[in-house]
$ cat upload16.cif   # mmCIF, C-alpha atoms
data_final
loop_
_atom_site.label_atom_id
_atom_site.label_comp_id
_atom_site.auth_asym_id
_atom_site.auth_seq_id
_atom_site.Cartn_x
_atom_site.Cartn_y
_atom_site.Cartn_z
CA MET T 131 81.89 86.69 86.28
CA THR T 132 81.25 88.20 89.70
CA THR T 133 81.92 91.85 90.43
CA ILE T 134 82.89 92.75 94.00
CA GLU T 135 81.82 96.38 93.63
CA GLY T 136 78.26 96.77 94.84
CA SER T 137 78.03 93.20 96.15
CA VAL T 138 76.67 92.12 99.52
CA VAL T 139 78.99 89.60 101.13
CA LEU T 140 78.91 87.29 104.13
CA VAL T 141 82.28 86.14 105.48
CA THR T 142 82.29 83.39 108.09
CA GLY T 143 85.09 83.68 110.61
CA GLY T 144 85.38 87.35 109.74
CA SER T 145 86.97 88.63 112.93
CA ARG T 146 90.60 87.53 112.54
CA GLY T 147 93.26 86.16 110.20
CA ILE T 148 92.26 85.58 106.59
CA GLY T 149 88.64 86.43 107.37
CA ARG T 150 89.49 89.87 108.72
CA ALA T 151 91.75 90.55 105.72
CA LEU T 152 88.95 89.51 103.37
CA VAL T 153 86.51 91.90 105.03
CA SER T 154 88.93 94.81 104.57
CA ALA T 155 89.77 93.86 100.98
CA LEU T 156 86.09 93.57 100.08
CA TYR T 157 85.39 97.11 101.23
CA GLU T 158 88.48 98.36 99.40
CA ARG T 159 87.00 96.92 96.19
CA GLY T 160 83.67 98.62 96.70
CA ALA T 161 81.49 95.99 98.33
CA LYS T 162 78.19 97.55 99.37
CA LYS T 163 77.90 95.61 102.63
CA VAL T 164 79.94 92.91 104.37
CA TYR T 165 78.51 90.72 107.10
CA ALA T 166 81.44 89.54 109.24
CA THR T 167 80.47 86.58 111.37
CA ALA T 168 82.00 85.25 114.56
CA ARG T 169 80.89 83.21 117.53
CA ASP T 170 81.18 86.48 119.45
CA PRO T 171 80.32 89.35 117.06
CA ARG T 172 81.97 91.82 119.46
CA THR T 173 85.33 90.56 118.13
CA VAL T 174 84.61 92.00 114.67
CA THR T 175 86.70 95.17 114.46
CA HIS T 176 86.22 96.59 110.96
CA PRO T 177 84.31 99.87 111.39
CA ASP T 178 82.06 99.33 108.35
CA ALA T 179 81.39 95.60 108.73
CA VAL T 180 78.04 94.30 109.95
CA PRO T 181 78.85 91.96 112.87
CA LEU T 182 76.76 88.82 112.92
CA ALA T 183 76.76 85.99 115.44
CA LEU T 184 77.28 82.59 113.84
CA GLU T 185 78.31 79.12 114.92
CA VAL T 186 78.65 77.32 111.59
CA SER T 187 78.10 73.85 113.03
CA ASP T 188 74.79 74.83 114.67
CA GLU T 189 71.78 74.65 112.36
CA ALA T 190 69.72 77.09 114.43
CA SER T 191 72.55 79.63 114.42
CA VAL T 192 72.97 79.27 110.66
CA ALA T 193 69.23 79.73 110.11
CA ALA T 194 69.19 82.85 112.29
CA ALA T 195 72.11 84.37 110.36
CA ALA T 196 70.44 83.63 107.03
CA GLU T 197 67.25 85.28 108.25
CA GLN T 198 69.17 88.46 109.04
CA ALA T 199 71.22 88.52 105.82
CA GLN T 200 68.63 88.19 103.07
CA ASP T 201 70.51 90.49 100.68
CA VAL T 202 73.69 88.39 100.28
CA THR T 203 75.06 87.81 96.78
CA LEU T 204 78.53 86.48 97.69
CA LEU T 205 79.27 83.90 100.40
CA ILE T 206 82.77 83.21 101.74
CA ASN T 207 83.07 80.07 103.87
CA ASN T 208 86.23 80.87 105.80
CA ALA T 209 85.53 79.72 109.37
CA GLY T 210 87.37 76.58 110.36
CA ALA T 211 88.88 74.54 113.16
CA SER T 212 92.40 73.14 113.50
CA VAL T 213 92.23 70.15 115.85
CA LYS T 214 94.56 67.86 113.85
CA ALA T 215 93.46 64.81 115.82
CA SER T 216 95.26 61.51 115.31
CA PHE T 217 93.04 58.85 113.77
CA LEU T 218 94.51 56.20 116.08
CA ASP T 219 95.12 57.96 119.37
CA ALA T 220 92.73 60.90 119.72
CA PRO T 221 89.14 60.58 120.91
CA VAL T 222 86.79 60.04 117.99
CA GLU T 223 84.87 63.08 119.23
CA ASP T 224 87.87 65.26 118.34
CA VAL T 225 87.82 63.95 114.77
CA ARG T 226 84.07 64.46 114.58
CA ARG T 227 84.37 68.01 115.93
CA GLU T 228 86.82 68.93 113.17
CA PHE T 229 84.45 67.61 110.51
CA GLU T 230 81.50 69.41 112.08
CA THR T 231 83.29 72.74 111.61
CA ASN T 232 85.34 72.22 108.45
CA PHE T 233 82.97 70.10 106.36
CA TYR T 234 79.43 70.24 107.73
CA GLY T 235 79.76 73.91 108.73
CA PRO T 236 80.33 75.18 105.17
CA LEU T 237 77.67 72.76 103.94
CA LEU T 238 75.05 74.09 106.36
CA VAL T 239 75.89 77.70 105.56
CA THR T 240 75.88 77.05 101.81
CA ARG T 241 72.53 75.26 101.93
CA ALA T 242 71.05 78.19 103.87
CA PHE T 243 72.40 80.89 101.55
CA VAL T 244 72.07 79.32 98.09
CA PRO T 245 68.33 80.15 97.89
CA ILE T 246 69.09 83.72 99.00
CA ILE T 247 71.87 84.22 96.45
CA GLU T 248 69.72 82.67 93.74
CA ARG T 249 66.77 84.89 94.64
CA ASN T 250 69.05 87.93 94.47
CA GLY T 251 70.00 87.17 90.88
CA GLY T 252 72.90 84.73 91.34
CA GLY T 253 76.41 85.26 92.62
CA HIS T 254 79.40 83.44 94.00
CA ILE T 255 80.64 81.16 96.77
CA LEU T 256 84.27 80.95 97.93
CA ASN T 257 85.33 78.02 100.11
CA VAL T 258 88.62 78.26 101.98
CA HIS T 259 90.56 74.99 101.73
CA SER T 260 94.19 74.25 102.56
CA VAL T 261 97.28 72.76 100.97
CA LEU T 262 96.52 69.96 103.43
CA SER T 263 93.44 69.14 101.37
CA TRP T 264 96.01 67.21 99.31
CA LEU T 265 98.41 66.02 102.04
CA GLY T 266 97.33 63.58 104.74
CA ILE T 267 99.88 64.72 107.32
CA ALA T 268 97.57 66.44 109.80
CA GLY T 269 95.09 63.76 110.81
CA SER T 270 91.51 64.94 111.05
CA TYR T 271 92.37 68.40 109.71
CA SER T 272 93.73 67.04 106.43
CA ALA T 273 90.78 64.69 106.06
CA SER T 274 88.20 67.38 106.76
CA LYS T 275 89.80 69.79 104.27
CA ALA T 276 90.03 67.02 101.65
CA ALA T 277 86.33 66.40 102.17
CA LEU T 278 85.60 70.12 101.82
CA TRP T 279 87.59 70.19 98.56
CA SER T 280 85.41 67.38 97.23
CA GLN T 281 82.28 69.17 98.45
CA THR T 282 83.36 72.32 96.60
CA ASN T 283 83.95 70.39 93.37
CA SER T 284 80.50 68.83 93.58
CA LEU T 285 78.76 72.10 94.48
CA ARG T 286 80.41 73.83 91.53
CA LEU T 287 78.60 71.42 89.18
CA GLU T 288 75.28 71.64 91.02
CA LEU T 289 75.23 75.42 91.29
CA LYS T 290 76.40 76.45 87.83
CA PRO T 291 72.93 75.98 86.29
CA ARG T 292 71.51 78.10 89.13
CA GLY T 293 73.69 81.10 88.34
CA ILE T 294 76.13 80.64 91.24
CA GLU T 295 79.86 80.22 90.61
CA VAL T 296 82.13 78.44 93.10
CA THR T 297 85.82 79.05 93.81
CA GLY T 298 88.09 77.00 96.07
CA LEU T 299 90.94 78.84 97.84
CA HIS T 300 93.96 76.74 98.82
CA VAL T 301 96.62 78.14 101.16
CA GLY T 302 99.72 76.88 102.94
CA TYR T 303 101.29 78.80 105.81
CA VAL T 304 99.63 82.15 106.44
CA ASP T 305 100.99 84.61 108.99
CA THR T 306 98.18 84.40 111.56
CA ASP T 307 97.78 83.44 115.21
CA LEU T 308 97.37 79.79 114.21
CA THR T 309 100.87 79.60 112.68
CA ALA T 310 102.71 81.78 115.19
CA LYS T 311 104.82 78.84 116.43
CA ILE T 312 105.64 77.48 112.96
CA ASP T 313 109.05 78.36 111.55
CA ALA T 314 108.41 78.35 107.81
CA PRO T 315 107.92 80.85 104.98
CA LYS T 316 104.49 82.45 105.29
CA VAL T 317 102.30 84.66 103.16
CA THR T 318 100.29 87.50 104.64
CA PRO T 319 96.52 87.33 105.10
CA GLU T 320 96.29 90.46 102.96
CA SER T 321 98.05 88.72 100.06
CA VAL T 322 95.69 85.75 100.34
CA ALA T 323 92.66 88.05 100.40
CA VAL T 324 93.78 89.91 97.27
CA GLN T 325 94.35 86.66 95.37
CA ALA T 326 91.01 85.25 96.56
CA LEU T 327 89.06 88.28 95.37
CA ASP T 328 90.98 88.29 92.07
CA GLY T 329 89.90 84.68 91.65
CA ILE T 330 86.26 85.49 92.36
CA GLU T 331 86.22 88.35 89.88
CA SER T 332 87.95 86.30 87.17
CA GLY T 333 85.71 83.27 87.69
CA ALA T 334 88.60 81.01 88.69
CA TYR T 335 87.68 77.51 89.81
CA GLU T 336 90.64 77.42 92.19
CA VAL T 337 93.07 79.92 93.70
CA LEU T 338 96.48 78.62 94.82
CA ALA T 339 97.74 81.36 97.11
CA ASP T 340 101.43 80.52 97.64
CA ASP T 341 104.39 78.64 96.23
CA LEU T 342 103.99 75.67 98.58
CA THR T 343 100.39 75.13 97.49
CA ARG T 344 101.29 75.42 93.81
CA GLN T 345 104.13 72.90 94.24
CA VAL T 346 101.95 70.35 96.02
CA LYS T 347 99.11 70.67 93.51
CA ALA T 348 101.57 70.17 90.65
CA GLY T 349 102.88 67.03 92.31
CA LEU T 350 99.57 65.24 92.81
CA ALA T 351 100.08 63.10 89.71
CA ALA T 352 103.46 61.86 90.97
CA ASP T 353 104.15 58.65 92.89
CA LEU T 354 102.94 58.82 96.46
CA ALA T 355 106.51 58.48 97.72
CA ALA T 356 107.27 61.89 96.17
CA LEU T 357 104.56 63.50 98.32
CA TYR T 358 105.34 61.40 101.38
CA PRO T 359 109.12 60.91 101.76
CA GLN T 360 108.36 59.06 105.01
CA LEU T 361 107.34 56.08 102.88
CA ALA T 362 110.89 55.70 101.61
CA ALA T 363 112.41 55.69 105.09
#
$ encode --input "upload16.cif" --output "structure tokens"
Amino acid sequence: MTTIEGSVVLVTGGSRGIGRALVSALYERGAKKVYATARDPRTVTHPDAVPLALEVSDEASVAAAAEQAQDVTLLINNAGASVKASFLDAPVEDVRREFETNFYGPLLVTRAFVPIIERNGGGHILNVHSVLSWLGIAGSYSASKAALWSQTNSLRLELKPRGIEVTGLHVGYVDTDLTAKIDAPKVTPESVAVQALDGIESGAYEVLADDLTRQVKAGLAADLAALYPQLAA
């Protein structure tokens, strides 16, 4: 089990939305230090956070961040992109860009920080997925999050013998800038952060942060037409 109190945490995408809520919640639970990363570290607003420049899809940027954060024991891969490119109509570069951020970004960051966490006595990794990891209704976004889900499941097996636990966080609609134009029930970033940290401290393999996510996960064993009513049209 991982204890938040006294931990040293790095949160990618820590300047807004779920990332910003996670930074605040971590300090509320007694984290010793929280590195909050952003492309522009000046956008990090928490007074106690350590701002750190990071572009997750850039290997040199990831290496520089790892060099500066050698005391990390808990990694939260939260940064992501939401391109939602069509597989048939959008430029392939748009699809590739989504995968670079949502799949290869967490992979690069994880590969850089696993030796650090291991050297510091072991710890935890949280990857932020989506309910769309299980629903192919958002083109490249769904595919990239599905790939990240699979990556998380594989890493969990690889890292357990090395003293590092892995949790996957799945969320539906969260009340952030990205969903401002969506008319649907939403959970708050603060609620998601609380559930995520509860999951880390309890050693949960997955955290399902809202009713929509729990409903979709429960329906994965059903016929595809139940998940995709468009097929019955």
$ residues_near_point --input "upload16.cif" --point "(84.4, 94.9, 89.9)" --cutoff "10 Å" --atoms "all atoms listed in the file" --output "list of chain:residue names"
T:Met131, T:Thr132, T:Thr133, T:Ile134, T:Glu135, T:Gly136, T:Ser137, T:Arg159, T:Gly160, T:Ala161, T:Leu327, T:Asp328, T:Ile330, T:Glu331, T:Ser332
$ resolve_selection --input "upload16.cif" --expression "the PyMOL selection byres ((chain T and resi 157) around 12)" --output "VMD selection string"
chain T and resid 134 to 139 150 to 156 158 to 166 176 to 180 323 to 324 327
$ atom_distance --input "upload16.cif" --atom1 "CA of Gly329 in chain T" --atom2 "CA of Ala351 in chain T"
23.9 Å
$ resolve_selection --input "upload16.cif" --expression "the PyMOL selection byres ((chain T and resi 208) around 8)" --output "PyMOL selection string"
chain T and resi 141-144+148-149+206-207+209-210+257-258
$ resolve_selection --input "upload16.cif" --expression "the PyMOL selection byres ((chain T and resi 237) around 12)" --output "MDAnalysis selection string"
chainID T and resid 186:189 192 205:209 229:236 238:244 255 257 277:282 284:285
$ atom_distance --input "upload16.cif" --atom1 "CA of Ala276 in chain T" --atom2 "CA of Val346 in chain T"
13.6 Å
$ residues_around --input "upload16.cif" --residues "Ala215 in chain T" --least-positions-apart "6" --cutoff "7 Å" --atoms "only C-alpha atoms" --output "list of chain:residue names"
T:Asp224, T:Val225, T:Gly269, T:Ser270
$ atom_distance --input "upload16.cif" --atom1 "CA of Val301 in chain T" --atom2 "CA of Lys214 in chain T"
16.5 Å
$ closest_residue --input "upload16.cif" --among "T:Leu287, T:Lys275, T:Glu228, T:Ser260" --to "Val337 in chain T" --atoms "only C-alpha atoms"
T:Ser260
